[in-house]
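The file protein.cif contains mmCIF, C-alpha atoms and all ligand atoms:
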data_input
loop_
_atom_site.label_atom_id
_atom_site.label_comp_id
_atom_site.auth_asym_id
_atom_site.auth_seq_id
_atom_site.Cartn_x
_atom_site.Cartn_y
_atom_site.Cartn_z
CA MET Q 205 -43.45 -15.59 5.06
CA LYS Q 206 -42.32 -15.25 1.45
CA VAL Q 207 -39.48 -12.95 0.47
CA LEU Q 208 -38.52 -11.68 -2.96
CA VAL Q 209 -34.85 -10.84 -3.57
CA ILE Q 210 -33.91 -8.68 -6.54
CA GLY Q 211 -30.56 -9.22 -8.28
CA ASN Q 212 -28.38 -11.96 -9.73
CA GLY Q 213 -25.00 -11.80 -8.03
CA GLY Q 214 -23.14 -13.46 -5.18
CA ARG Q 215 -24.63 -10.88 -2.84
CA GLU Q 216 -28.18 -11.94 -3.71
CA HIS Q 217 -27.33 -15.65 -3.44
CA THR Q 218 -25.99 -14.93 0.05
CA ILE Q 219 -29.07 -12.92 1.05
CA ALA Q 220 -31.42 -15.69 -0.18
CA TRP Q 221 -29.35 -18.39 1.55
CA LYS Q 222 -29.30 -16.45 4.82
CA LEU Q 223 -33.04 -15.68 4.72
CA LEU Q 224 -33.77 -19.39 4.21
CA GLN Q 225 -31.97 -20.25 7.45
CA SER Q 226 -34.87 -18.61 9.33
CA LYS Q 227 -37.80 -20.84 10.26
CA ARG Q 228 -40.16 -17.97 9.49
CA VAL Q 229 -39.08 -17.78 5.85
CA GLN Q 230 -40.98 -20.38 3.84
CA GLU Q 231 -39.91 -19.46 0.37
CA VAL Q 232 -37.61 -17.03 -1.45
CA PHE Q 233 -38.09 -15.82 -5.02
CA CYS Q 234 -35.09 -14.35 -6.86
CA VAL Q 235 -35.51 -11.92 -9.73
CA PRO Q 236 -33.73 -13.07 -11.82
CA GLY Q 237 -31.32 -15.04 -9.58
CA ASN Q 238 -28.46 -17.20 -10.88
CA GLY Q 239 -27.28 -20.81 -11.03
CA GLY Q 240 -26.76 -20.82 -7.25
CA THR Q 241 -30.22 -19.59 -6.29
CA ALA Q 242 -31.70 -22.00 -8.88
CA LYS Q 243 -30.27 -24.90 -6.86
CA LEU Q 244 -31.12 -23.56 -3.41
CA ALA Q 245 -33.91 -25.49 -1.65
CA LYS Q 246 -37.12 -23.44 -1.22
CA CYS Q 247 -35.82 -20.82 -3.63
CA ARG Q 248 -37.18 -20.14 -7.10
CA ASN Q 249 -35.74 -17.96 -9.85
CA ILE Q 250 -38.18 -15.70 -11.65
CA ALA Q 251 -37.05 -14.65 -15.13
CA MET Q 252 -37.72 -10.91 -15.07
CA SER Q 253 -35.55 -7.86 -15.43
CA VAL Q 254 -34.60 -6.00 -12.21
CA THR Q 255 -36.04 -2.84 -13.76
CA ASP Q 256 -39.40 -4.40 -14.71
CA PHE Q 257 -41.09 -2.67 -11.78
CA GLU Q 258 -44.63 -3.48 -12.90
CA GLY Q 259 -43.87 -7.14 -13.46
CA ILE Q 260 -42.10 -7.44 -10.11
CA GLY Q 261 -44.91 -5.61 -8.30
CA ARG Q 262 -47.60 -7.81 -9.85
CA PHE Q 263 -45.67 -10.99 -9.06
CA ALA Q 264 -45.07 -9.94 -5.44
CA LEU Q 265 -48.74 -9.06 -4.88
CA VAL Q 266 -50.11 -12.23 -6.48
CA ASN Q 267 -47.69 -14.36 -4.46
CA ASN Q 268 -48.27 -12.66 -1.10
CA VAL Q 269 -44.68 -11.57 -0.74
CA ALA Q 270 -44.19 -10.07 2.74
CA LEU Q 271 -40.83 -8.46 2.06
CA VAL Q 272 -38.93 -7.33 -1.03
CA VAL Q 273 -35.14 -7.02 -0.67
CA VAL Q 274 -33.38 -5.01 -3.36
CA GLY Q 275 -29.76 -6.09 -3.93
CA PRO Q 276 -28.24 -3.81 -6.61
CA GLU Q 277 -28.05 -0.01 -6.85
CA VAL Q 278 -29.47 0.33 -10.36
CA PRO Q 279 -33.13 -0.47 -9.55
CA LEU Q 280 -32.87 1.54 -6.30
CA ALA Q 281 -31.60 4.59 -8.17
CA ALA Q 282 -34.40 4.09 -10.70
CA GLY Q 283 -37.02 4.24 -7.93
CA ILE Q 284 -38.07 0.62 -7.45
CA THR Q 285 -38.74 1.17 -3.74
CA ASP Q 286 -41.05 4.11 -4.39
CA TYR Q 287 -42.97 2.13 -7.01
CA LEU Q 288 -43.37 -1.04 -4.92
CA GLN Q 289 -44.33 0.91 -1.80
CA GLU Q 290 -47.10 2.61 -3.79
CA GLN Q 291 -48.39 -0.89 -4.56
CA GLY Q 292 -48.56 -1.55 -0.81
CA LEU Q 293 -45.46 -3.77 -0.65
CA THR Q 294 -42.84 -3.76 2.12
CA VAL Q 295 -39.38 -3.00 0.74
CA PHE Q 296 -35.89 -3.18 2.26
CA GLY Q 297 -33.88 -0.57 0.36
CA PRO Q 298 -34.02 3.23 0.15
CA THR Q 299 -36.24 5.31 -2.09
CA GLN Q 300 -34.94 7.03 -5.22
CA THR Q 301 -34.13 10.22 -3.33
CA GLY Q 302 -32.19 8.27 -0.69
CA ALA Q 303 -30.36 6.22 -3.33
CA GLN Q 304 -28.75 9.43 -4.59
CA ILE Q 305 -26.21 8.91 -1.83
CA GLU Q 306 -24.67 6.40 -4.25
CA ALA Q 307 -26.13 7.50 -7.59
CA SER Q 308 -24.67 11.03 -7.43
CA LYS Q 309 -21.27 11.52 -5.90
CA ALA Q 310 -21.75 15.30 -5.99
CA TRP Q 311 -25.01 14.95 -4.03
CA ALA Q 312 -23.32 12.64 -1.51
CA LYS Q 313 -20.43 15.07 -1.06
CA GLU Q 314 -22.80 17.94 -0.38
CA LEU Q 315 -24.68 15.84 2.17
CA MET Q 316 -21.41 14.91 3.89
CA GLN Q 317 -20.32 18.55 4.06
CA GLU Q 318 -23.69 19.51 5.52
CA ALA Q 319 -23.42 16.70 8.09
CA GLY Q 320 -19.79 17.45 8.96
CA VAL Q 321 -18.76 13.92 7.99
CA PRO Q 322 -14.99 13.52 7.42
CA THR Q 323 -14.21 12.92 3.74
CA ALA Q 324 -11.72 13.94 1.04
CA LYS Q 325 -11.78 17.62 -0.03
CA SER Q 326 -13.53 17.87 -3.37
CA ALA Q 327 -14.89 20.09 -6.13
CA VAL Q 328 -17.61 19.48 -8.72
CA PHE Q 329 -17.30 20.30 -12.45
CA THR Q 330 -19.71 20.29 -15.39
CA ASP Q 331 -17.19 21.13 -18.11
CA ALA Q 332 -13.79 19.72 -19.03
CA ASP Q 333 -11.80 22.97 -19.30
CA THR Q 334 -12.55 24.18 -15.77
CA ALA Q 335 -11.88 20.68 -14.40
CA ILE Q 336 -8.53 20.49 -16.24
CA ASP Q 337 -7.48 23.93 -14.93
CA TYR Q 338 -8.32 22.78 -11.41
CA VAL Q 339 -6.24 19.61 -11.77
CA LYS Q 340 -3.27 21.58 -13.17
CA GLN Q 341 -3.41 23.88 -10.16
CA SER Q 342 -3.86 21.11 -7.60
CA GLY Q 343 -1.28 18.64 -8.94
CA ALA Q 344 -1.21 14.87 -8.52
CA PRO Q 345 -2.00 12.38 -7.11
CA ILE Q 346 -5.64 13.30 -7.47
CA VAL Q 347 -8.89 11.38 -7.89
CA VAL Q 348 -11.36 11.88 -10.77
CA LYS Q 349 -14.86 10.45 -10.40
CA ALA Q 350 -17.84 10.31 -12.73
CA ASP Q 351 -20.79 11.68 -10.76
CA GLY Q 352 -23.30 8.95 -11.62
CA LEU Q 353 -23.44 5.15 -11.60
CA ALA Q 354 -20.70 3.65 -13.76
CA ALA Q 355 -20.69 -0.02 -12.69
CA GLY Q 356 -17.60 0.50 -10.53
CA LYS Q 357 -15.55 1.93 -13.43
CA GLY Q 358 -16.08 5.65 -12.88
CA VAL Q 359 -13.14 6.31 -10.53
CA THR Q 360 -9.57 7.10 -11.60
CA VAL Q 361 -6.91 7.46 -8.95
CA ALA Q 362 -4.50 9.51 -11.07
CA GLU Q 363 -0.80 9.36 -10.22
CA THR Q 364 -0.02 12.18 -12.65
CA VAL Q 365 -1.78 15.33 -13.91
CA GLU Q 366 -1.77 13.80 -17.42
CA GLN Q 367 -3.71 10.74 -16.21
CA ALA Q 368 -6.22 12.99 -14.48
CA ILE Q 369 -6.69 15.06 -17.64
CA GLU Q 370 -7.22 11.86 -19.66
CA ALA Q 371 -9.90 10.72 -17.21
CA ILE Q 372 -11.63 14.11 -17.36
CA GLU Q 373 -11.60 14.10 -21.15
CA ALA Q 374 -12.93 10.53 -21.27
CA ALA Q 375 -15.78 11.36 -18.88
CA PHE Q 376 -16.87 14.51 -20.71
CA GLY Q 377 -16.27 12.69 -23.99
CA GLY Q 378 -19.10 10.33 -23.09
CA GLN Q 379 -17.30 7.24 -21.71
CA PHE Q 380 -19.93 6.90 -18.97
CA GLY Q 381 -22.82 8.53 -20.81
CA ALA Q 382 -24.83 10.97 -18.70
CA ALA Q 383 -23.14 9.62 -15.53
CA GLY Q 384 -19.89 11.34 -16.58
CA GLN Q 385 -21.23 14.75 -17.60
CA THR Q 386 -20.62 15.90 -14.04
CA VAL Q 387 -17.26 15.06 -12.50
CA VAL Q 388 -16.11 15.16 -8.88
CA ILE Q 389 -12.41 15.76 -8.35
CA GLU Q 390 -11.02 15.03 -4.95
CA GLU Q 391 -7.95 14.84 -2.81
CA CYS Q 392 -6.24 11.45 -2.83
CA LEU Q 393 -6.53 9.83 0.58
CA ILE Q 394 -3.96 7.41 1.84
CA GLY Q 395 -4.34 4.63 4.36
CA GLU Q 396 -6.14 1.31 4.59
CA GLU Q 397 -9.67 0.80 3.28
CA ALA Q 398 -12.51 -0.83 5.18
CA SER Q 399 -16.20 -1.35 4.47
CA VAL Q 400 -18.76 -0.69 7.17
CA LEU Q 401 -22.24 -1.78 6.13
CA ALA Q 402 -24.87 -0.40 8.46
CA ILE Q 403 -28.58 -1.13 8.65
CA THR Q 404 -31.02 1.66 9.26
CA ASP Q 405 -34.72 2.36 9.59
CA GLY Q 406 -34.22 6.04 8.85
CA ILE Q 407 -33.85 7.00 12.52
CA THR Q 408 -31.67 4.38 14.19
CA ILE Q 409 -28.52 3.10 12.50
CA ARG Q 410 -26.44 0.08 13.49
CA PRO Q 411 -23.20 -1.15 11.95
CA LEU Q 412 -22.70 -4.75 10.91
CA LEU Q 413 -19.26 -6.34 11.37
CA PRO Q 414 -16.56 -4.39 9.51
CA ALA Q 415 -15.16 -6.03 6.39
CA GLN Q 416 -12.32 -5.50 3.99
CA ASP Q 417 -12.55 -6.00 0.23
CA HIS Q 418 -9.61 -6.70 -2.11
CA LYS Q 419 -10.56 -4.67 -5.18
CA ARG Q 420 -7.46 -5.20 -7.30
CA ILE Q 421 -7.09 -8.17 -9.63
CA GLY Q 422 -3.53 -9.05 -8.60
CA GLU Q 423 -1.92 -10.44 -5.47
CA GLY Q 424 -0.50 -7.82 -3.13
CA ASP Q 425 -3.42 -5.54 -4.17
CA THR Q 426 -1.92 -4.66 -7.55
CA GLY Q 427 -3.28 -4.28 -11.07
CA ALA Q 428 -6.69 -3.31 -12.39
CA ASN Q 429 -9.70 -2.51 -10.24
CA THR Q 430 -12.40 -5.18 -10.17
CA GLY Q 431 -15.78 -5.63 -8.54
CA GLY Q 432 -13.92 -7.28 -5.63
CA MET Q 433 -11.69 -10.38 -5.61
CA GLY Q 434 -12.28 -11.40 -2.01
CA THR Q 435 -13.24 -10.21 1.42
CA TYR Q 436 -12.90 -10.98 5.08
CA ALA Q 437 -14.66 -10.02 8.27
CA PRO Q 438 -14.31 -8.81 10.90
CA ALA Q 439 -11.55 -6.49 9.66
CA PRO Q 440 -9.23 -6.02 12.66
CA ILE Q 441 -8.27 -2.49 11.57
CA VAL Q 442 -11.72 -1.38 12.70
CA THR Q 443 -11.29 -1.82 16.44
CA PRO Q 444 -14.32 -1.41 18.73
CA ALA Q 445 -13.08 2.10 19.62
CA LEU Q 446 -12.81 3.04 15.94
CA MET Q 447 -16.27 1.59 15.24
CA GLU Q 448 -17.65 3.83 17.99
CA ARG Q 449 -16.10 6.85 16.24
CA ILE Q 450 -17.52 5.71 12.89
CA GLN Q 451 -20.95 5.50 14.53
CA GLN Q 452 -20.67 8.97 16.12
CA GLU Q 453 -18.79 10.85 13.40
CA ILE Q 454 -20.14 9.23 10.24
CA LEU Q 455 -23.24 7.03 10.50
CA GLU Q 456 -25.38 9.07 12.89
CA PRO Q 457 -24.67 12.49 11.33
CA THR Q 458 -25.41 11.07 7.87
CA ILE Q 459 -28.80 9.68 8.94
CA ALA Q 460 -29.57 12.98 10.68
CA ALA Q 461 -28.71 14.91 7.49
CA LEU Q 462 -30.92 12.59 5.42
CA GLN Q 463 -33.77 13.12 7.89
CA LYS Q 464 -33.26 16.87 7.72
CA ARG Q 465 -33.83 16.65 3.97
CA GLY Q 466 -37.02 14.69 4.61
CA ILE Q 467 -35.53 11.41 3.38
CA ASP Q 468 -36.86 8.29 5.07
CA TYR Q 469 -33.95 5.92 4.39
CA ARG Q 470 -34.63 2.27 5.23
CA GLY Q 471 -32.11 -0.33 4.19
CA VAL Q 472 -28.33 -0.53 4.08
CA LEU Q 473 -26.02 2.45 4.23
CA TYR Q 474 -22.60 1.20 3.17
CA ALA Q 475 -19.68 3.42 4.12
CA GLY Q 476 -16.51 2.81 2.10
CA LEU Q 477 -13.84 4.18 4.43
CA MET Q 478 -10.18 5.11 4.37
CA ILE Q 479 -8.52 4.68 7.76
CA THR Q 480 -5.72 7.24 7.61
CA PRO Q 481 -2.23 6.57 8.99
CA GLU Q 482 -3.28 8.71 11.99
CA GLY Q 483 -6.13 6.26 12.59
CA ASP Q 484 -8.95 8.59 11.53
CA PRO Q 485 -11.88 7.28 9.48
CA LYS Q 486 -12.79 9.20 6.31
CA VAL Q 487 -15.57 8.39 3.87
CA ILE Q 488 -14.43 7.48 0.34
CA GLU Q 489 -17.97 6.84 -0.83
CA PHE Q 490 -21.39 5.77 0.33
CA ASN Q 491 -23.40 3.00 -1.29
CA CYS Q 492 -27.14 2.51 -0.88
CA ARG Q 493 -27.04 -1.31 -0.67
CA PHE Q 494 -25.13 -4.31 0.60
CA GLY Q 495 -21.57 -4.69 -0.71
CA ASP Q 496 -20.55 -7.46 -3.03
CA PRO Q 497 -18.52 -9.51 -1.94
CA GLU Q 498 -18.68 -8.03 1.60
CA THR Q 499 -22.12 -9.60 2.07
CA GLN Q 500 -20.59 -13.04 1.45
CA VAL Q 501 -18.56 -12.73 4.68
CA VAL Q 502 -20.76 -10.52 6.86
CA LEU Q 503 -24.10 -12.33 6.59
CA PRO Q 504 -22.72 -15.84 7.25
CA LEU Q 505 -21.46 -14.54 10.63
CA LEU Q 506 -24.82 -12.98 11.57
CA GLU Q 507 -26.76 -15.03 14.10
CA THR Q 508 -29.87 -12.86 14.41
CA PRO Q 509 -32.41 -13.99 11.78
CA LEU Q 510 -31.97 -11.77 8.74
CA GLU Q 511 -35.68 -11.25 8.07
CA THR Q 512 -36.11 -10.00 11.66
CA VAL Q 513 -33.37 -7.43 11.10
CA MET Q 514 -34.79 -6.34 7.75
CA LEU Q 515 -38.36 -6.09 9.01
CA ALA Q 516 -37.19 -3.97 11.95
CA CYS Q 517 -35.76 -1.56 9.36
CA THR Q 518 -38.88 -1.49 7.20
CA GLN Q 519 -41.18 -1.14 10.24
CA GLN Q 520 -38.97 1.50 11.84
CA THR Q 521 -38.51 -0.54 15.04
CA LEU Q 522 -34.75 -0.98 14.91
CA ALA Q 523 -34.29 0.79 18.28
CA GLN Q 524 -36.28 -2.01 19.97
CA LEU Q 525 -34.31 -4.84 18.37
CA PRO Q 526 -31.84 -6.51 20.81
CA PRO Q 527 -28.15 -6.16 19.86
CA LEU Q 528 -27.30 -8.21 16.77
CA GLY Q 529 -25.86 -11.66 17.50
CA TRP Q 530 -22.61 -12.63 15.79
CA ASN Q 531 -20.60 -15.80 15.37
CA PRO Q 532 -17.40 -15.10 17.37
CA GLY Q 533 -15.20 -16.39 14.55
CA ALA Q 534 -14.11 -14.90 11.26
CA ALA Q 535 -15.04 -15.42 7.62
CA ILE Q 536 -13.14 -15.23 4.34
CA CYS Q 537 -14.54 -15.22 0.82
CA VAL Q 538 -12.28 -16.05 -2.12
CA VAL Q 539 -13.69 -14.97 -5.47
CA ILE Q 540 -13.03 -17.20 -8.47
CA ALA Q 541 -13.11 -15.28 -11.75
CA ALA Q 542 -12.98 -16.17 -15.42
CA ALA Q 543 -9.63 -15.89 -17.24
CA ASN Q 544 -8.79 -12.33 -18.33
CA TYR Q 545 -11.39 -10.68 -16.00
CA PRO Q 546 -11.84 -7.67 -15.55
CA ASP Q 547 -11.15 -7.35 -19.30
CA SER Q 548 -13.28 -9.28 -21.80
CA TYR Q 549 -13.80 -12.90 -20.70
CA ARG Q 550 -15.48 -16.07 -21.96
CA LYS Q 551 -18.68 -17.60 -20.67
CA GLY Q 552 -20.15 -21.08 -20.83
CA MET Q 553 -17.32 -23.16 -19.30
CA PRO Q 554 -18.67 -26.16 -17.28
CA ILE Q 555 -17.88 -25.94 -13.55
CA GLN Q 556 -16.95 -28.98 -11.45
CA GLY Q 557 -16.32 -29.68 -7.80
CA ILE Q 558 -18.83 -27.47 -5.99
CA GLU Q 559 -20.26 -30.38 -3.99
CA GLN Q 560 -16.80 -31.45 -2.86
CA ALA Q 561 -15.98 -27.85 -1.91
CA GLU Q 562 -19.14 -27.62 0.19
CA ALA Q 563 -18.53 -31.06 1.73
CA SER Q 564 -15.22 -29.65 3.01
CA GLY Q 565 -17.18 -27.16 5.12
CA ALA Q 566 -17.29 -24.03 2.93
CA VAL Q 567 -20.26 -22.39 1.26
CA VAL Q 568 -20.03 -21.61 -2.44
CA PHE Q 569 -21.96 -18.51 -3.43
CA HIS Q 570 -22.56 -18.09 -7.13
CA ALA Q 571 -21.78 -14.71 -8.66
CA GLY Q 572 -21.96 -15.41 -12.40
CA THR Q 573 -23.28 -18.88 -13.18
CA LYS Q 574 -26.26 -20.35 -14.92
CA PHE Q 575 -27.78 -23.78 -14.89
CA ASN Q 576 -28.38 -25.26 -18.33
CA GLN Q 577 -28.40 -29.04 -17.77
CA GLN Q 578 -25.08 -28.47 -16.07
CA LEU Q 579 -23.56 -25.59 -14.17
CA LEU Q 580 -21.84 -23.07 -16.45
CA ALA Q 581 -19.71 -19.96 -15.89
CA ASP Q 582 -21.74 -16.94 -16.89
CA GLY Q 583 -19.89 -13.85 -15.68
CA GLY Q 584 -16.55 -12.23 -14.89
CA ARG Q 585 -16.72 -13.10 -11.23
CA VAL Q 586 -18.06 -16.65 -11.22
CA LEU Q 587 -18.03 -17.95 -7.64
CA GLY Q 588 -17.32 -16.75 -4.09
CA VAL Q 589 -16.09 -19.45 -1.74
CA THR Q 590 -16.77 -18.52 1.89
CA ALA Q 591 -15.48 -20.31 4.97
CA ILE Q 592 -15.93 -19.52 8.65
CA GLY Q 593 -13.22 -20.37 11.16
CA ASP Q 594 -12.30 -19.73 14.76
CA SER Q 595 -9.76 -17.24 13.45
CA LEU Q 596 -9.00 -15.61 10.12
CA THR Q 597 -6.08 -18.01 9.64
CA ASP Q 598 -8.40 -20.95 10.16
CA ALA Q 599 -11.06 -19.48 7.85
CA ALA Q 600 -8.45 -18.88 5.12
CA LYS Q 601 -7.19 -22.46 5.36
CA LYS Q 602 -10.71 -23.81 4.97
CA ALA Q 603 -11.64 -21.45 2.14
CA TYR Q 604 -8.55 -22.30 0.08
CA ALA Q 605 -9.00 -26.04 0.70
CA ALA Q 606 -12.51 -25.67 -0.75
CA VAL Q 607 -11.25 -23.59 -3.70
CA ASP Q 608 -8.84 -26.46 -4.51
CA CYS Q 609 -11.87 -28.72 -5.13
CA ILE Q 610 -13.29 -26.48 -7.86
CA GLN Q 611 -12.35 -26.54 -11.52
CA PHE Q 612 -13.32 -24.74 -14.68
CA GLU Q 613 -11.26 -23.76 -17.68
CA GLY Q 614 -9.15 -20.67 -17.07
CA MET Q 615 -10.34 -20.05 -13.51
CA TYR Q 616 -8.39 -17.37 -11.65
CA TYR Q 617 -8.30 -16.39 -7.99
CA ARG Q 618 -5.99 -14.53 -5.64
CA ARG Q 619 -4.09 -16.63 -3.10
CA ASP Q 620 -3.62 -13.81 -0.63
CA ILE Q 621 -7.13 -12.82 0.46
CA GLY Q 622 -6.91 -11.48 4.00
CA HIS Q 623 -3.17 -10.83 3.81
CA ARG Q 624 -3.33 -7.49 5.68
CA ALA Q 625 -4.95 -9.12 8.66
CA LEU Q 626 -3.02 -12.39 8.44
CA LYS Q 627 0.50 -10.92 8.37
P1 LIG Q 701 -15.39 3.34 -6.07
O1 LIG Q 701 -15.54 2.91 -7.51
O2 LIG Q 701 -16.07 4.60 -5.74
O3 LIG Q 701 -15.65 2.17 -5.14
O4 LIG Q 701 -13.85 3.66 -5.87
C1 LIG Q 701 -12.92 2.71 -6.26
C2 LIG Q 701 -11.68 2.83 -5.46
O5 LIG Q 701 -11.01 4.03 -5.76
C3 LIG Q 701 -11.86 2.88 -3.96
O6 LIG Q 701 -12.07 1.65 -3.38
C4 LIG Q 701 -10.52 3.46 -3.55
O7 LIG Q 701 -9.54 2.46 -3.57
C5 LIG Q 701 -10.23 4.43 -4.65
N1 LIG Q 701 -10.58 5.81 -4.26
C6 LIG Q 701 -11.76 6.44 -4.44
N2 LIG Q 701 -11.70 7.71 -3.93
C7 LIG Q 701 -10.47 7.85 -3.40
C8 LIG Q 701 -9.80 8.93 -2.73
N3 LIG Q 701 -10.37 10.10 -2.52
N4 LIG Q 701 -8.52 8.71 -2.34
C9 LIG Q 701 -7.91 7.53 -2.57
N5 LIG Q 701 -8.50 6.49 -3.19
C10 LIG Q 701 -9.76 6.65 -3.61
N1 LIG Q 702 -17.38 -4.39 -2.80
C1 LIG Q 702 -17.61 -3.11 -3.33
C2 LIG Q 702 -19.01 -2.78 -3.60
O1 LIG Q 702 -19.91 -3.54 -3.33
O2 LIG Q 702 -19.26 -1.67 -4.08
#
Conversion result in structure tokens:
Amino acid sequence: MKVLVIGNGGREHTIAWKLLQSKRVQEVFCVPGNGGTAKLAKCRNIAMSVTDFEGIGRFALVNNVALVVVGPEVPLAAGITDYLQEQGLTVFGPTQTGAQIEASKAWAKELMQEAGVPTAKSAVFTDADTAIDYVKQSGAPIVVKADGLAAGKGVTVAETVEQAIEAIEAAFGGQFGAAGQTVVIEECLIGEEASVLAITDGITIRPLLPAQDHKRIGEGDTGANTGGMGTYAPAPIVTPALMERIQQEILEPTIAALQKRGIDYRGVLYAGLMITPEGDPKVIEFNCRFGDPETQVVLPLLETPLETVMLACTQQTLAQLPPLGWNPGAAICVVIAAANYPDSYRKGMPIQGIEQAEASGAVVFHAGTKFNQQLLADGGRVLGVTAIGDSLTDAAKKAYAAVDCIQFEGMYYRRDIGHRALK
């Protein structure tokens, strides 16, 4: 079968790479893909925009694509699944209505309240003055969130009332466009974060291995928020007993609430969780897609063929699928970024050493690269170096040995990925 993957990040490189490990998958097309998918055997990049629904639909039909996998949230929120399904295509990823679980934080909060899912207390505002009064009454710390998609930049964890007011004024002042004209203000949760990505066919929902993402730029989880500087799985904080609670208290009630609204949600439901000091899981946010860079550690550990899992979701036969098979080890992904990321950064630096890194036993997923006679950096996050080991310690040793093989001007990475689990 032929599969079309939409997106151009490390997540999509990982999905394409994993799909191609299945004998049943003959060819993968990536729209638009990156320097990594360009070099992957049996994979072809197609230069189209992820929101060119007509172009993508025509290409998929002409090329007999059996499955379309949508990586990023933007085309999902814009209704790509609805459009492609109308063309008769099979799509892994929720419809536009389902994607609201990520595309509107106010909508997601209402759904969680309806479903009785544990989450931070919150209130929704459509004007700055009322929001500011609320913050003054509540005090800090407090969290201010733009309602809509803001490329990971819409959340301010405010330590002071002044910071919260600044964030409110920026949102209503147009910093995030329409996405910030509604603001969700919520209680600041404390604890340790974990990501549980679950696959669902709209009725049955099953978690993948839990992962943990390091979102801050600096070692010791300090400094500015980024798209994710590294991940590891499985995250030991999510014990089997806790995963059972997450299934019962979060995943199943959420799917039931979606069903009650008539939403047929087939794809990934990603729960960003805070595990409180009491050991209770609370939802920070839901995403309607695979996490990036969580995918770079979760999928390499999956032993069940990925297309089988995805087709079971699209065909609504997940209940019949045997339990997912997993490599018993652990995986770590170290992200290598351009100098000065997440602020403005340069592109176009030549990258060396990927072959040596892979010869050492790691896999190098490309996040922001392009191939123009040679491999060039082309994004803030440039590469994700993943290694699997018998233990997290072993995986970390292998991943950092591979990172040592890679060079480009100004490259930056954290040396402490996995530190919470390794200590
Ligand atoms: P997001 O952009 O929605 O992924 O949120 C970014 C980060 O903000 C999360 O990973 C958390 O670290 C933090 N955050 C969001 N909501 C809360 C909350 N209610 N309490 C504490 N931290 C939060
Ligand atoms: N790793 C965070 C995200 O994918 O949203």
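Across the structure, CA of Glu366 (chain Q) and atom O2 of ligand LIG 701 (chain Q) are spaced 20.6 Å apart.
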Would you mind listing what lies within 8 Å of Lys419 (chain Q) as an MDAnalysis selection string, with all atoms listed in the file counted and same-chain residues fewer than 2 positions away left out?
chainID Q and resid 417 421 425 429:434
At most 9 Å from ligand LIG 702 (chain Q) (all atoms listed in the file): residue list as a short mmCIF file (atom, residue, chain, number, x, y, z; two decimals) with C-alpha atoms, in the coordinates of the input:
data_model
loop_
_atom_site.label_atom_id
_atom_site.label_comp_id
_atom_site.auth_asym_id
_atom_site.auth_seq_id
_atom_site.Cartn_x
_atom_site.Cartn_y
_atom_site.Cartn_z
CA ARG Q 215 -24.63 -10.88 -2.84
CA PRO Q 276 -28.24 -3.81 -6.61
CA ALA Q 355 -20.69 -0.02 -12.69
CA GLY Q 356 -17.60 0.50 -10.53
CA SER Q 399 -16.20 -1.35 4.47
CA GLN Q 416 -12.32 -5.50 3.99
CA ASP Q 417 -12.55 -6.00 0.23
CA HIS Q 418 -9.61 -6.70 -2.11
CA LYS Q 419 -10.56 -4.67 -5.18
CA THR Q 430 -12.40 -5.18 -10.17
CA GLY Q 431 -15.78 -5.63 -8.54
CA GLY Q 432 -13.92 -7.28 -5.63
CA MET Q 433 -11.69 -10.38 -5.61
CA GLY Q 434 -12.28 -11.40 -2.01
CA THR Q 435 -13.24 -10.21 1.42
CA TYR Q 474 -22.60 1.20 3.17
CA GLY Q 476 -16.51 2.81 2.10
CA PHE Q 490 -21.39 5.77 0.33
CA ASN Q 491 -23.40 3.00 -1.29
CA ARG Q 493 -27.04 -1.31 -0.67
CA PHE Q 494 -25.13 -4.31 0.60
CA GLY Q 495 -21.57 -4.69 -0.71
CA ASP Q 496 -20.55 -7.46 -3.03
CA PRO Q 497 -18.52 -9.51 -1.94
CA GLU Q 498 -18.68 -8.03 1.60
CA THR Q 499 -22.12 -9.60 2.07
#
Neighbouring residues of Val568 (chain Q) were defined as those with any atom within 9 Å, considering all atoms listed in the file; residues of the same chain fewer than 5 positions away were excluded. Please report them as JSON, numbers by chain.
{"Q": [240, 558, 559, 561, 562, 587, 588, 589, 590, 591, 606]}
So how far away is CA of Asp351 (chain Q) from CA of Gly384 (chain Q), in Å?
5.9 Å
